[in-house]
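Asks: Next comes the structure file my_file-v4.tsv, holding TSV, C-alpha atoms.
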```
chain	number	residue	atom	x	y	z
A	13	MET	CA	137.60	96.21	104.33
A	14	ARG	CA	134.80	98.60	103.43
A	15	GLU	CA	134.21	99.33	107.11
A	16	PHE	CA	137.90	100.05	107.64
A	17	LEU	CA	138.06	102.42	104.66
A	18	ALA	CA	134.96	104.25	105.92
A	19	ARG	CA	136.50	104.71	109.37
A	20	MET	CA	139.77	105.93	107.80
A	21	ARG	CA	137.93	108.43	105.63
A	22	GLY	CA	135.97	109.65	108.67
A	23	SER	CA	139.07	110.17	110.80
A	24	ILE	CA	140.80	112.06	107.97
A	25	PHE	CA	137.72	114.30	107.62
A	26	ILE	CA	137.69	115.00	111.39
A	27	PHE	CA	141.42	115.85	111.29
A	28	THR	CA	141.05	118.29	108.37
A	29	CYS	CA	138.11	119.97	110.13
A	30	LYS	CA	140.21	120.45	113.29
A	31	ILE	CA	142.93	122.23	111.30
A	32	ALA	CA	141.17	124.13	108.54
A	33	ARG	CA	137.58	124.61	109.67
A	34	LYS	CA	136.95	125.84	113.21
A	35	ASN	CA	133.17	126.03	112.72
A	36	VAL	CA	132.71	122.27	112.15
A	37	LYS	CA	132.88	120.10	115.27
A	38	ILE	CA	132.63	116.33	114.86
A	39	ALA	CA	132.74	113.80	117.71
A	40	ARG	CA	134.41	110.38	117.51
A	41	GLY	CA	133.45	107.43	115.33
A	42	LEU	CA	132.32	109.08	112.08
A	43	ARG	CA	132.13	106.64	109.15
A	44	ILE	CA	132.04	107.98	105.59
A	45	TYR	CA	131.01	105.41	102.95
A	46	LYS	CA	130.46	108.03	100.26
A	47	LYS	CA	131.20	111.71	99.69
A	48	LEU	CA	130.34	114.21	102.45
A	49	LYS	CA	130.11	117.85	101.44
A	50	VAL	CA	130.08	120.57	104.11
A	51	THR	CA	129.80	124.21	103.03
A	52	GLY	CA	129.09	127.58	104.65
A	53	LYS	CA	130.36	129.61	107.61
A	54	GLY	CA	127.74	128.68	110.23
A	55	SER	CA	128.49	126.28	113.06
A	56	ILE	CA	127.92	122.56	112.51
A	57	GLU	CA	128.05	119.94	115.27
A	58	ILE	CA	127.88	116.20	114.59
A	59	GLY	CA	127.60	113.63	117.39
A	60	GLU	CA	129.25	110.25	117.97
A	61	ASN	CA	129.12	107.19	115.68
A	62	CYS	CA	127.32	108.82	112.74
A	63	ARG	CA	127.20	107.10	109.34
A	64	VAL	CA	127.34	108.93	106.01
A	65	CYS	CA	126.28	106.82	102.99
A	66	GLY	CA	125.03	107.19	99.46
A	67	ILE	CA	121.93	105.62	97.94
A	68	LYS	CA	122.44	102.27	96.20
A	69	GLY	CA	122.18	102.47	92.42
A	70	ASP	CA	122.33	106.26	92.14
A	71	SER	CA	125.93	107.45	92.11
A	72	SER	CA	125.09	111.13	91.59
A	73	GLN	CA	123.62	111.68	95.07
A	74	TYR	CA	125.61	112.31	98.23
A	75	VAL	CA	125.18	113.86	101.68
A	76	CYS	CA	125.29	117.66	101.67
A	77	LEU	CA	125.26	119.83	104.82
A	78	GLU	CA	124.97	123.53	104.06
A	79	THR	CA	124.81	126.63	106.25
A	80	LEU	CA	123.62	129.78	104.52
A	81	SER	CA	124.58	132.46	107.07
A	82	PRO	CA	127.36	132.89	109.69
A	83	THR	CA	124.82	132.78	112.54
A	84	ALA	CA	123.28	129.49	111.40
A	85	VAL	CA	123.39	126.52	113.78
A	86	MET	CA	123.10	122.87	112.75
A	87	ARG	CA	123.22	120.21	115.44
A	88	ILE	CA	123.11	116.47	114.65
A	89	GLY	CA	122.88	113.91	117.46
A	90	ASN	CA	124.54	110.55	118.12
A	91	ASN	CA	124.11	107.37	116.03
A	92	VAL	CA	122.49	109.21	113.12
A	93	SER	CA	122.60	107.52	109.70
A	94	LEU	CA	122.37	109.80	106.68
A	95	TYR	CA	121.71	108.20	103.27
A	96	ALA	CA	122.08	110.91	100.60
A	97	ALA	CA	120.38	113.51	102.83
A	98	ARG	CA	120.47	117.21	101.99
A	99	ILE	CA	120.24	119.64	104.92
A	100	ALA	CA	120.29	123.43	104.45
A	101	ALA	CA	120.21	125.71	107.52
A	102	LYS	CA	119.85	129.49	107.64
A	103	TYR	CA	118.64	129.81	111.26
A	104	GLN	CA	118.65	126.61	113.29
A	105	ILE	CA	118.21	122.88	112.66
A	106	VAL	CA	118.39	120.38	115.52
A	107	ILE	CA	118.31	116.62	114.84
A	108	GLY	CA	118.09	114.11	117.70
A	109	ASP	CA	119.68	110.72	118.34
A	110	ASP	CA	119.18	107.44	116.39
A	111	VAL	CA	117.62	109.17	113.38
A	112	LEU	CA	117.46	107.60	109.89
A	113	ILE	CA	117.24	109.94	106.89
A	114	GLU	CA	117.03	108.43	103.38
A	115	GLU	CA	117.33	110.60	100.24
A	116	ALA	CA	115.31	113.43	101.83
A	117	GLY	CA	115.71	117.17	102.20
A	118	ILE	CA	115.45	119.35	105.33
A	119	MET	CA	115.48	123.14	105.08
A	120	ASP	CA	114.44	125.96	107.41
A	121	THR	CA	114.07	128.71	104.83
A	122	ASP	CA	112.20	129.25	101.57
A	123	PHE	CA	115.32	130.85	99.96
A	124	HIS	CA	113.19	133.47	98.10
A	125	SER	CA	110.31	135.80	98.87
A	126	ILE	CA	106.99	135.38	97.07
A	127	ALA	CA	107.05	139.06	96.00
A	128	ARG	CA	107.78	139.91	92.36
A	129	ASP	CA	111.50	140.60	92.80
A	130	ARG	CA	112.08	137.15	94.41
A	131	GLY	CA	114.45	138.71	96.95
A	132	ILE	CA	115.35	137.69	100.49
A	133	PRO	CA	112.22	136.82	102.53
A	134	LEU	CA	111.87	139.56	105.16
A	135	SER	CA	109.09	137.99	107.20
A	136	GLU	CA	111.17	134.97	108.26
A	137	LYS	CA	112.47	135.08	111.83
A	138	GLY	CA	114.87	132.77	113.57
A	139	ASP	CA	112.65	131.35	116.28
A	140	LYS	CA	109.67	130.83	113.93
A	141	CYS	CA	111.59	128.99	111.21
A	142	ARG	CA	113.50	126.63	113.46
A	143	VAL	CA	113.30	122.92	112.55
A	144	VAL	CA	113.50	120.35	115.34
A	145	VAL	CA	113.58	116.59	114.67
A	146	GLY	CA	113.21	114.35	117.73
A	147	ASN	CA	114.86	111.08	118.71
A	148	ARG	CA	114.32	107.77	116.85
A	149	VAL	CA	112.68	109.38	113.80
A	150	CYS	CA	112.71	107.70	110.35
A	151	ILE	CA	112.39	109.88	107.27
A	152	GLY	CA	111.74	108.15	103.92
A	153	ALA	CA	113.03	108.67	100.40
A	154	ARG	CA	112.11	111.75	98.35
A	155	SER	CA	110.29	113.46	101.21
A	156	SER	CA	111.01	116.99	102.38
A	157	ILE	CA	110.64	118.83	105.68
A	158	LEU	CA	109.91	122.54	105.40
A	159	LYS	CA	110.51	125.53	107.70
A	160	GLY	CA	108.94	125.93	111.12
A	161	THR	CA	108.15	122.27	111.76
A	162	THR	CA	108.74	120.35	114.96
A	163	ILE	CA	108.75	116.55	114.72
A	164	GLY	CA	108.39	114.65	117.99
A	165	ASP	CA	110.00	111.38	119.09
A	166	ASP	CA	109.33	107.98	117.45
A	167	VAL	CA	107.73	109.43	114.30
A	168	ILE	CA	107.62	107.54	110.97
A	169	VAL	CA	107.62	109.83	107.92
A	170	ALA	CA	106.60	107.82	104.84
A	171	PRO	CA	108.48	108.16	101.53
A	172	GLY	CA	107.25	110.96	99.28
A	173	SER	CA	105.59	113.07	101.96
A	174	ILE	CA	105.89	116.84	102.35
A	175	VAL	CA	105.84	117.86	106.02
A	176	THR	CA	104.56	121.43	106.43
A	177	MET	CA	103.02	121.32	109.93
A	178	SER	CA	104.34	120.09	113.27
A	179	VAL	CA	103.93	116.39	114.11
A	180	LYS	CA	103.30	115.06	117.62
A	181	SER	CA	105.39	112.16	118.91
A	182	GLY	CA	104.31	108.59	118.12
A	183	TYR	CA	102.52	109.33	114.84
A	184	MET	CA	103.02	107.98	111.31
A	185	VAL	CA	102.54	110.65	108.65
A	186	ALA	CA	102.20	110.48	104.85
A	187	GLY	CA	100.95	112.51	101.91
A	188	ASN	CA	101.15	116.06	100.61
A	189	PRO	CA	100.59	117.92	102.98
A	190	ALA	CA	101.54	115.21	105.48
A	191	LYS	CA	98.69	113.90	107.62
A	192	ALA	CA	98.56	111.23	110.32
A	193	LEU	CA	97.94	107.65	109.15
A	194	ALA	CA	98.02	105.75	112.44
A	195	HIS	CA	98.76	106.35	116.10
A	196	GLU	CA	99.61	103.99	118.90
B	236	MET	CA	121.94	103.30	68.14
B	237	GLY	CA	119.52	102.19	70.87
B	238	LEU	CA	119.53	98.66	69.49
B	239	ILE	CA	123.34	98.41	69.63
B	240	ARG	CA	123.46	99.66	73.22
B	241	GLY	CA	120.53	97.43	74.19
B	242	THR	CA	122.15	94.36	72.61
B	243	SER	CA	125.35	94.97	74.55
B	244	TYR	CA	123.33	95.17	77.80
B	245	PHE	CA	121.51	91.97	76.70
B	246	ILE	CA	124.80	90.10	76.21
B	247	PHE	CA	126.34	91.42	79.45
B	248	TYR	CA	123.41	90.67	81.74
B	249	ASN	CA	122.33	87.33	80.20
B	250	TYR	CA	125.75	85.70	79.97
B	251	VAL	CA	127.80	87.35	82.74
B	252	LYS	CA	125.20	87.59	85.50
B	253	ARG	CA	123.15	84.42	86.04
B	254	ASN	CA	120.20	85.85	87.98
B	255	ILE	CA	119.14	88.31	85.25
B	256	LYS	CA	117.27	87.51	82.03
B	257	ILE	CA	116.44	90.00	79.30
B	258	GLY	CA	114.36	89.24	76.20
B	259	PHE	CA	116.01	89.78	72.85
B	260	PRO	CA	114.90	92.92	71.07
B	261	PHE	CA	115.98	95.30	73.88
B	262	LEU	CA	116.39	98.98	73.01
B	263	ALA	CA	118.33	101.12	75.48
B	264	ASN	CA	118.56	104.85	74.84
B	265	ALA	CA	119.80	105.53	78.37
B	266	LYS	CA	121.77	103.83	81.14
B	267	VAL	CA	120.51	100.52	82.60
B	268	ARG	CA	121.67	99.45	86.07
B	269	ILE	CA	120.60	96.16	87.63
B	270	ILE	CA	122.15	95.49	91.04
B	271	GLY	CA	121.59	92.92	93.77
B	272	PRO	CA	121.27	89.18	94.51
B	273	GLY	CA	117.59	88.73	93.53
B	274	THR	CA	116.22	87.48	90.20
B	275	VAL	CA	115.19	89.93	87.50
B	276	SER	CA	113.44	89.09	84.23
B	277	ILE	CA	112.56	91.58	81.50
B	278	GLY	CA	110.35	90.49	78.57
B	279	LYS	CA	110.82	90.82	74.82
B	280	GLY	CA	110.76	94.12	73.00
B	281	CYS	CA	111.20	96.52	75.93
B	282	ILE	CA	112.47	100.08	75.40
B	283	VAL	CA	114.37	102.26	77.91
B	284	LEU	CA	113.82	105.93	77.14
B	285	LYS	CA	115.87	108.88	78.39
B	286	ASN	CA	113.56	110.78	80.71
B	287	GLN	CA	115.85	113.42	82.25
B	288	PHE	CA	118.76	111.06	81.40
B	289	LYS	CA	118.03	108.86	84.43
B	290	GLY	CA	117.56	105.52	82.70
B	291	LEU	CA	116.30	102.33	84.31
B	292	THR	CA	117.49	101.30	87.78
B	293	ILE	CA	116.53	97.98	89.37
B	294	ILE	CA	117.90	97.12	92.82
B	295	THR	CA	117.09	93.91	94.69
B	296	PHE	CA	117.96	93.79	98.37
B	297	SER	CA	117.52	90.08	99.17
B	298	ARG	CA	117.83	86.64	97.56
B	299	ASN	CA	114.05	86.12	97.61
B	300	ALA	CA	113.42	89.34	95.69
B	301	LYS	CA	111.87	88.97	92.24
B	302	VAL	CA	111.26	91.65	89.63
B	303	ILE	CA	109.21	90.51	86.63
B	304	ILE	CA	108.58	92.93	83.78
B	305	GLY	CA	106.37	91.89	80.82
B	306	ASP	CA	106.79	92.23	77.06
B	307	LYS	CA	106.82	95.47	75.05
B	308	CYS	CA	107.13	97.85	78.02
B	309	ALA	CA	108.30	101.45	77.62
B	310	LEU	CA	110.39	102.25	80.68
B	311	GLY	CA	111.54	105.81	81.32
B	312	GLY	CA	113.55	106.93	84.32
B	313	THR	CA	112.03	104.31	86.60
B	314	THR	CA	113.64	103.19	89.85
B	315	ILE	CA	112.57	99.82	91.31
B	316	ARG	CA	113.74	98.84	94.80
B	317	SER	CA	112.46	95.52	96.09
B	318	PHE	CA	112.63	93.09	99.01
B	319	GLY	CA	109.72	90.94	97.72
B	320	ILE	CA	107.98	90.34	94.41
B	321	VAL	CA	107.27	93.16	91.94
B	322	LYS	CA	105.23	92.28	88.84
B	323	ILE	CA	104.64	94.61	85.91
B	324	GLY	CA	102.37	93.43	83.07
B	325	ASN	CA	102.80	93.66	79.31
B	326	LYS	CA	102.78	96.99	77.44
B	327	ALA	CA	103.22	99.10	80.59
B	328	MET	CA	104.38	102.69	80.23
B	329	THR	CA	106.34	104.36	83.03
B	330	ALA	CA	107.79	107.85	83.37
B	331	ILE	CA	110.14	108.99	86.17
B	332	SER	CA	108.57	107.04	89.02
B	333	LEU	CA	109.63	105.15	92.12
B	334	ILE	CA	108.41	101.60	92.74
B	335	GLN	CA	109.43	100.54	96.23
B	336	ASP	CA	107.94	97.67	98.25
B	337	SER	CA	109.19	98.71	101.68
B	338	PHE	CA	109.27	102.03	103.55
B	339	TYR	CA	112.98	102.10	104.32
B	340	MET	CA	115.72	100.28	102.50
B	341	ASN	CA	118.52	100.67	105.06
B	342	CYS	CA	116.67	100.18	108.35
B	343	ASP	CA	118.89	97.46	109.83
B	344	LYS	CA	120.78	99.89	112.11
B	345	ILE	CA	117.78	101.52	113.81
B	346	GLY	CA	116.21	100.55	117.14
B	347	GLU	CA	113.96	97.52	117.70
B	348	GLU	CA	110.90	99.38	118.98
B	349	ILE	CA	110.46	101.60	115.95
B	350	LYS	CA	111.39	98.71	113.64
B	351	ARG	CA	108.30	96.84	114.87
B	352	ARG	CA	106.06	99.77	113.99
B	353	ILE	CA	107.31	100.19	110.42
B	354	PRO	CA	104.82	98.52	108.01
B	355	PRO	CA	106.20	95.24	106.54
B	356	SER	CA	107.13	94.92	102.87
B	357	LYS	CA	104.35	93.66	100.59
B	358	ASN	CA	104.24	92.52	96.98
B	359	ILE	CA	103.34	94.91	94.18
B	360	SER	CA	101.47	93.95	91.02
B	361	LEU	CA	100.65	96.20	88.09
B	362	GLY	CA	98.34	94.94	85.30
B	363	THR	CA	98.77	95.09	81.55
B	364	ASN	CA	98.80	98.41	79.71
B	365	VAL	CA	99.21	100.50	82.90
B	366	TRP	CA	100.48	104.05	82.54
B	367	LEU	CA	102.45	105.51	85.47
B	368	GLY	CA	102.73	109.30	85.29
B	369	GLU	CA	105.76	111.40	86.08
B	370	GLY	CA	106.87	111.63	89.71
B	371	SER	CA	104.49	108.93	90.91
B	372	PHE	CA	105.14	106.62	93.85
B	373	VAL	CA	104.03	102.99	94.03
B	374	MET	CA	104.55	101.76	97.59
B	375	ASN	CA	104.15	98.37	99.28
B	376	GLY	CA	100.90	96.43	98.84
B	377	SER	CA	99.45	98.38	95.91
B	378	GLU	CA	97.67	96.53	93.08
B	379	ILE	CA	96.65	98.40	89.95
B	380	GLY	CA	94.27	96.78	87.44
B	381	ASP	CA	94.59	96.54	83.67
B	382	ASP	CA	94.49	99.66	81.45
B	383	SER	CA	94.50	102.04	84.45
B	384	VAL	CA	96.27	105.40	84.57
B	385	LEU	CA	98.20	106.65	87.63
B	386	SER	CA	98.35	110.43	87.43
B	387	SER	CA	101.60	112.34	87.90
B	388	GLY	CA	102.69	113.09	91.44
B	389	SER	CA	100.38	110.52	92.99
B	390	TRP	CA	101.29	108.21	95.87
B	391	CYS	CA	99.58	104.86	96.36
B	392	TYR	CA	100.09	102.59	99.35
B	393	ASP	CA	98.40	99.33	100.44
B	394	ALA	CA	95.30	99.56	98.21
B	395	SER	CA	93.92	97.77	95.16
B	396	TYR	CA	92.35	99.60	92.24
B	397	HIS	CA	89.94	98.32	89.56
B	398	ASP	CA	90.55	97.98	85.83
B	399	TYR	CA	90.42	101.02	83.55
B	400	VAL	CA	90.20	103.82	86.15
B	401	LEU	CA	92.00	107.12	86.65
B	402	ILE	CA	93.94	107.27	89.94
B	403	MET	CA	95.01	110.62	91.39
B	404	GLY	CA	96.26	112.33	94.51
B	405	ASN	CA	98.71	112.03	97.36
B	406	PRO	CA	97.53	109.69	99.03
B	407	ALA	CA	95.91	108.30	95.87
B	408	ARG	CA	92.26	107.39	95.29
B	409	SER	CA	90.50	106.23	92.15
B	410	VAL	CA	88.69	109.27	90.78
B	411	MET	CA	86.55	108.01	87.93
B	412	PRO	CA	86.27	105.15	85.41
B	413	ILE	CA	87.94	106.26	82.19
B	414	ASP	CA	84.86	105.18	80.15
B	415	LYS	CA	82.78	107.75	82.01
B	416	LEU	CA	85.48	110.42	81.75
B	417	LEU	CA	85.77	109.97	78.00
B	418	ARG	CA	81.97	110.17	77.65
B	419	LEU	CA	81.94	113.43	79.65
B	420	LYS	CA	84.66	114.87	77.44
B	421	GLY	CA	82.75	113.80	74.35
B	422	GLU	CA	85.53	111.65	72.95
B	423	ILE	CA	83.30	108.62	72.44
```
Starting from the file, give its structure as structure tokens.
Replies:
Amino acid sequence: MREFLARMRGSIFIFTCKIARKNVKIARGLRIYKKLKVTGKGSIEIGENCRVCGIKGDSSQYVCLETLSPTAVMRIGNNVSLYAARIAAKYQIVIGDDVLIEEAGIMDTDFHSIARDRGIPLSEKGDKCRVVVGNRVCIGARSSILKGTTIGDDVIVAPGSIVTMSVKSGYMVAGNPAKALAHE
Amino acid sequence: MGLIRGTSYFIFYNYVKRNIKIGFPFLANAKVRIIGPGTVSIGKGCIVLKNQFKGLTIITFSRNAKVIIGDKCALGGTTIRSFGIVKIGNKAMTAISLIQDSFYMNCDKIGEEIKRRIPPSKNISLGTNVWLGEGSFVMNGSEIGDDSVLSSGSWCYDASYHDYVLIMGNPARSVMPIDKLLRLKGEI
């Protein structure tokens, strides 16, 4: 019953996006178990058979996909499961296939400059701030991935880690700033 | 006010749900949520305080899961998520912290190869009179001795710490025995 309701909710969301929002493109098989919020004018693409869920025991958190400029691009692959993930794109965010994200945040901008007026950061450029997450990556609860990072394939990001530098494929990272724990 | 709310939680969980036991003087100043098929027992005289209005959340993900909390604990906005056994001693103080005995809670849909590489869930045990600071993480396999202090923002994973030490950092390490620290500060 729950599965059926999730599929119904997903197909209704895809239908409303086809009519009202031309910038959001969603492939078949989306399942929405809890609220999905999509805002902004940038283009968003979501692959096949994705799952959108909340976190058990905390009803205030839901999945939020946000684009902050009309030129922003967010691309999410196939079979991705999002558990109360928050993704904010100003330039470009690419997420691969079979990715698990639990209660974590991904953003490719700092939102404010470090100068006194706290205005728009002028030094940020599109190709430098791009965030790329590879295939089969697991990202744990309460961790965040900051601008300009590239995460390779088969990476395990432990809960509570802050990823500020790029991670090669096959590593397990933890800590603040995130460092490699083990490698196979 | 806290006693009335706590007593209503006491009646609801003890008599409606069979797997949960709460000791009698239970003061709840914020929301208490206990979900899941595992067994949960909370000792006598515990208080739930409203740290950022989050309350106490205990979630068990399997039938074998056990969460045992001792007497006279002061629990702030703590979240406990368990597959195995989580033990907290008497008189423990916790702020907004996450106690989680596995890396991922919803990893049944991911591929087999990466599932093998994820570290398995391990039991957690905290001693008596432990103080967990704000924003701290207690991950699988960590054992903290009696009277120790876990500093705010620290992250401990698969390590055991002695009695009466100060633990800091992300990843955490025991910095100094508190006896020595107090002597350096001139408090004893």
Asks: Which is closer to B:Cys342 than all the others in A:Ala18, A:Val92, A:Ala192, A:Ile126, using only C-alpha atoms?
Replies: A:Val92
Asks: Tell me which of A:Pro82, A:Gly160, A:Gly108, A:Gly69 sits closest to chain B, counting only C-alpha atoms.
Replies: A:Gly69
Asks: Give as a compact mmCIF listing (two decimals) with C-alpha atoms, in the coordinates of the input every residue of chain B that touches chain A within 7 Å, counting only C-alpha atoms.
Replies:
```
# COMPACT_ATOMS: atom_id res chain seq x y z
CA THR B 292 117.49 101.30 87.78
CA ILE B 294 117.90 97.12 92.82
CA PHE B 338 109.27 102.03 103.55
CA TYR B 339 112.98 102.10 104.32
CA ILE B 345 117.78 101.52 113.81
CA ILE B 349 110.46 101.60 115.95
CA ASN B 405 98.71 112.03 97.36
CA PRO B 406 97.53 109.69 99.03
```
Asks: One decimal, in Å: what's the spacing between atom CA of B:Pro260 and atom CA of B:Thr329?
Replies: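 Value for the atom CA of B:Pro260-atom CA of B:Thr329 distance: 18.6 Å.
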Asks: Quick one: residues within 9 Å of B:Phe288, only C-alpha atoms, excluding same-chain residues fewer than 3 positions away - as a list of chain:residue names?
Replies: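 These residues fall inside the cut-off: B:Ala265, B:Lys266, B:Leu284, B:Lys285, B:Gly311, B:Gly312.
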Asks: Report, in Å to a single decimal, how far apart atom CA of B:Ser377 and atom CA of B:Tyr399 are.
Replies: 15.5 Å
Asks: May I ask for the distance between atom CA of B:Lys256 and atom CA of B:Gly237, given in Å to one decimal place?
Replies: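 Value for the atom CA of B:Lys256-atom CA of B:Gly237 distance: 18.6 Å.
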Asks: May I ask which of the residues B:Trp366, B:Phe245, B:Tyr250, B:Phe372 is the closest one to B:Ile315, counting all atoms listed in the file?
Replies: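 Checking each candidate against B:Ile315, we get B:Phe372 as the closest.
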Asks: Give me the residues within 7 Å of A:Lys53 as a list in words, counting all atoms listed in the file and dropping any in the same chain fewer than 2 places off.
Replies: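 In the requested form, the answer reads Asn35, Ser55, Thr79, Ser81 and Pro82 of chain A.
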Asks: Keeping C-alpha atoms, export the residues of the selection given above as a PDB file, keeping the file's coordinate frame.
Replies:
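The result, written out as again.pdb:
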```pdb
ATOM      1  CA  ASN A  35     133.170 126.030 112.720  1.00  0.00           C
ATOM      2  CA  SER A  55     128.490 126.280 113.060  1.00  0.00           C
ATOM      3  CA  THR A  79     124.810 126.630 106.250  1.00  0.00           C
ATOM      4  CA  SER A  81     124.580 132.460 107.070  1.00  0.00           C
ATOM      5  CA  PRO A  82     127.360 132.890 109.690  1.00  0.00           C
TER       6      PRO A  82
END
```
Asks: Find the residue from B:Leu291, B:Val302, B:Met236, B:Val373 that sits nearest to B:Ser317; use only C-alpha atoms when measuring.
Replies: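 The shortest atom-to-atom distance to B:Ser317 comes from B:Val302.
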Asks: Residues around (108.0, 95.8, 101.0), cut-off 9 Å, counting all atoms listed in the file - what are they as a ChimeraX atom specification?
Replies: /B:316-320,335-339,354-359,374-376
Asks: Tell me which protein, DNA and RNA residues are within 9 Å of A:Thr51, counting only C-alpha atoms, leaving out same-chain ones fewer than 5 positions away, and put them as an MDAnalysis selection string.
Replies: chainID A and resid 76:80
Asks: Residues at most 7 Å from B:Ser387, counting all atoms listed in the file, excluding those fewer than 5 positions away in the same chain, as a list in words?
Replies: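 Non-adjacent residues within range: Gly368, Glu369, Gly370 and Ser371 of chain B.
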Asks: Excluding A:Ile118 and any residue of its chain fewer than 6 positions from it, enumerate the residues within 6 Å of it, using only C-alpha atoms, and give them as number ranges by chain.
Replies: A: 99, 156-157
Asks: From the options A:Arg33, A:His124, A:Lys137, A:Lys47, which residue's atoms come nearest to A:Ala97, counting only C-alpha atoms?
Replies: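 Closest to A:Ala97, using only C-alpha atoms: A:Lys47.
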Asks: Which is closer to B:Thr314 than all the others in B:Gly241, B:Gly290, B:Gly404, B:Pro272, using all atoms listed in the file?
Replies: B:Gly290
Asks: Pull the neighbourhood of (89.5, 104.5, 84.2) for me: all residues within 6 Å in file coordinates, counting all atoms listed in the file, as a list in words.
Replies: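 Nearby residues: Ser383, Tyr399, Val400, Leu401, Met411, Pro412 and Ile413 of chain B.
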Asks: With the input short on atoms, add N, CA and C atoms back to stretch 309-326 of chain B and write it as a compact mmCIF listing (two decimals), in the frame of the given file.
Replies:
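Below is the file that was written, selection_14.txt:
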```txt
# COMPACT_ATOMS: atom_id res chain seq x y z
N ALA B 309 107.51 100.25 77.85
CA ALA B 309 108.30 101.45 77.62
C ALA B 309 108.67 102.01 78.98
N LEU B 310 109.95 101.88 79.35
CA LEU B 310 110.39 102.25 80.68
C LEU B 310 111.23 103.52 80.61
N GLY B 311 110.77 104.56 81.29
CA GLY B 311 111.54 105.81 81.32
C GLY B 311 112.52 105.79 82.46
N GLY B 312 112.61 106.86 83.20
CA GLY B 312 113.55 106.93 84.32
C GLY B 312 113.02 106.29 85.57
N THR B 313 112.66 104.99 85.47
CA THR B 313 112.03 104.31 86.60
C THR B 313 113.09 103.77 87.55
N THR B 314 112.79 103.82 88.84
CA THR B 314 113.64 103.19 89.85
C THR B 314 112.80 102.14 90.57
N ILE B 315 113.27 100.89 90.60
CA ILE B 315 112.57 99.82 91.31
C ILE B 315 113.47 99.33 92.42
N ARG B 316 112.98 99.37 93.66
CA ARG B 316 113.74 98.84 94.80
C ARG B 316 112.87 97.80 95.47
N SER B 317 113.37 96.55 95.60
CA SER B 317 112.46 95.52 96.09
C SER B 317 113.12 94.59 97.10
N PHE B 318 112.31 94.19 98.11
CA PHE B 318 112.63 93.09 99.01
C PHE B 318 111.82 91.86 98.62
N GLY B 319 110.62 92.04 98.04
CA GLY B 319 109.72 90.94 97.72
C GLY B 319 109.54 90.80 96.22
N ILE B 320 108.27 90.59 95.82
CA ILE B 320 107.98 90.34 94.41
C ILE B 320 107.32 91.58 93.80
N VAL B 321 107.85 92.05 92.69
CA VAL B 321 107.27 93.16 91.94
C VAL B 321 106.93 92.65 90.55
N LYS B 322 105.64 92.74 90.16
CA LYS B 322 105.23 92.28 88.84
C LYS B 322 104.70 93.44 88.04
N ILE B 323 105.16 93.59 86.81
CA ILE B 323 104.64 94.61 85.91
C ILE B 323 104.18 93.88 84.66
N GLY B 324 102.93 94.14 84.20
CA GLY B 324 102.37 93.43 83.07
C GLY B 324 102.92 93.88 81.74
N ASN B 325 102.36 93.31 80.66
CA ASN B 325 102.80 93.66 79.31
C ASN B 325 102.37 95.09 78.96
N LYS B 326 103.11 95.69 78.03
CA LYS B 326 102.78 96.99 77.44
C LYS B 326 102.64 98.11 78.45
```
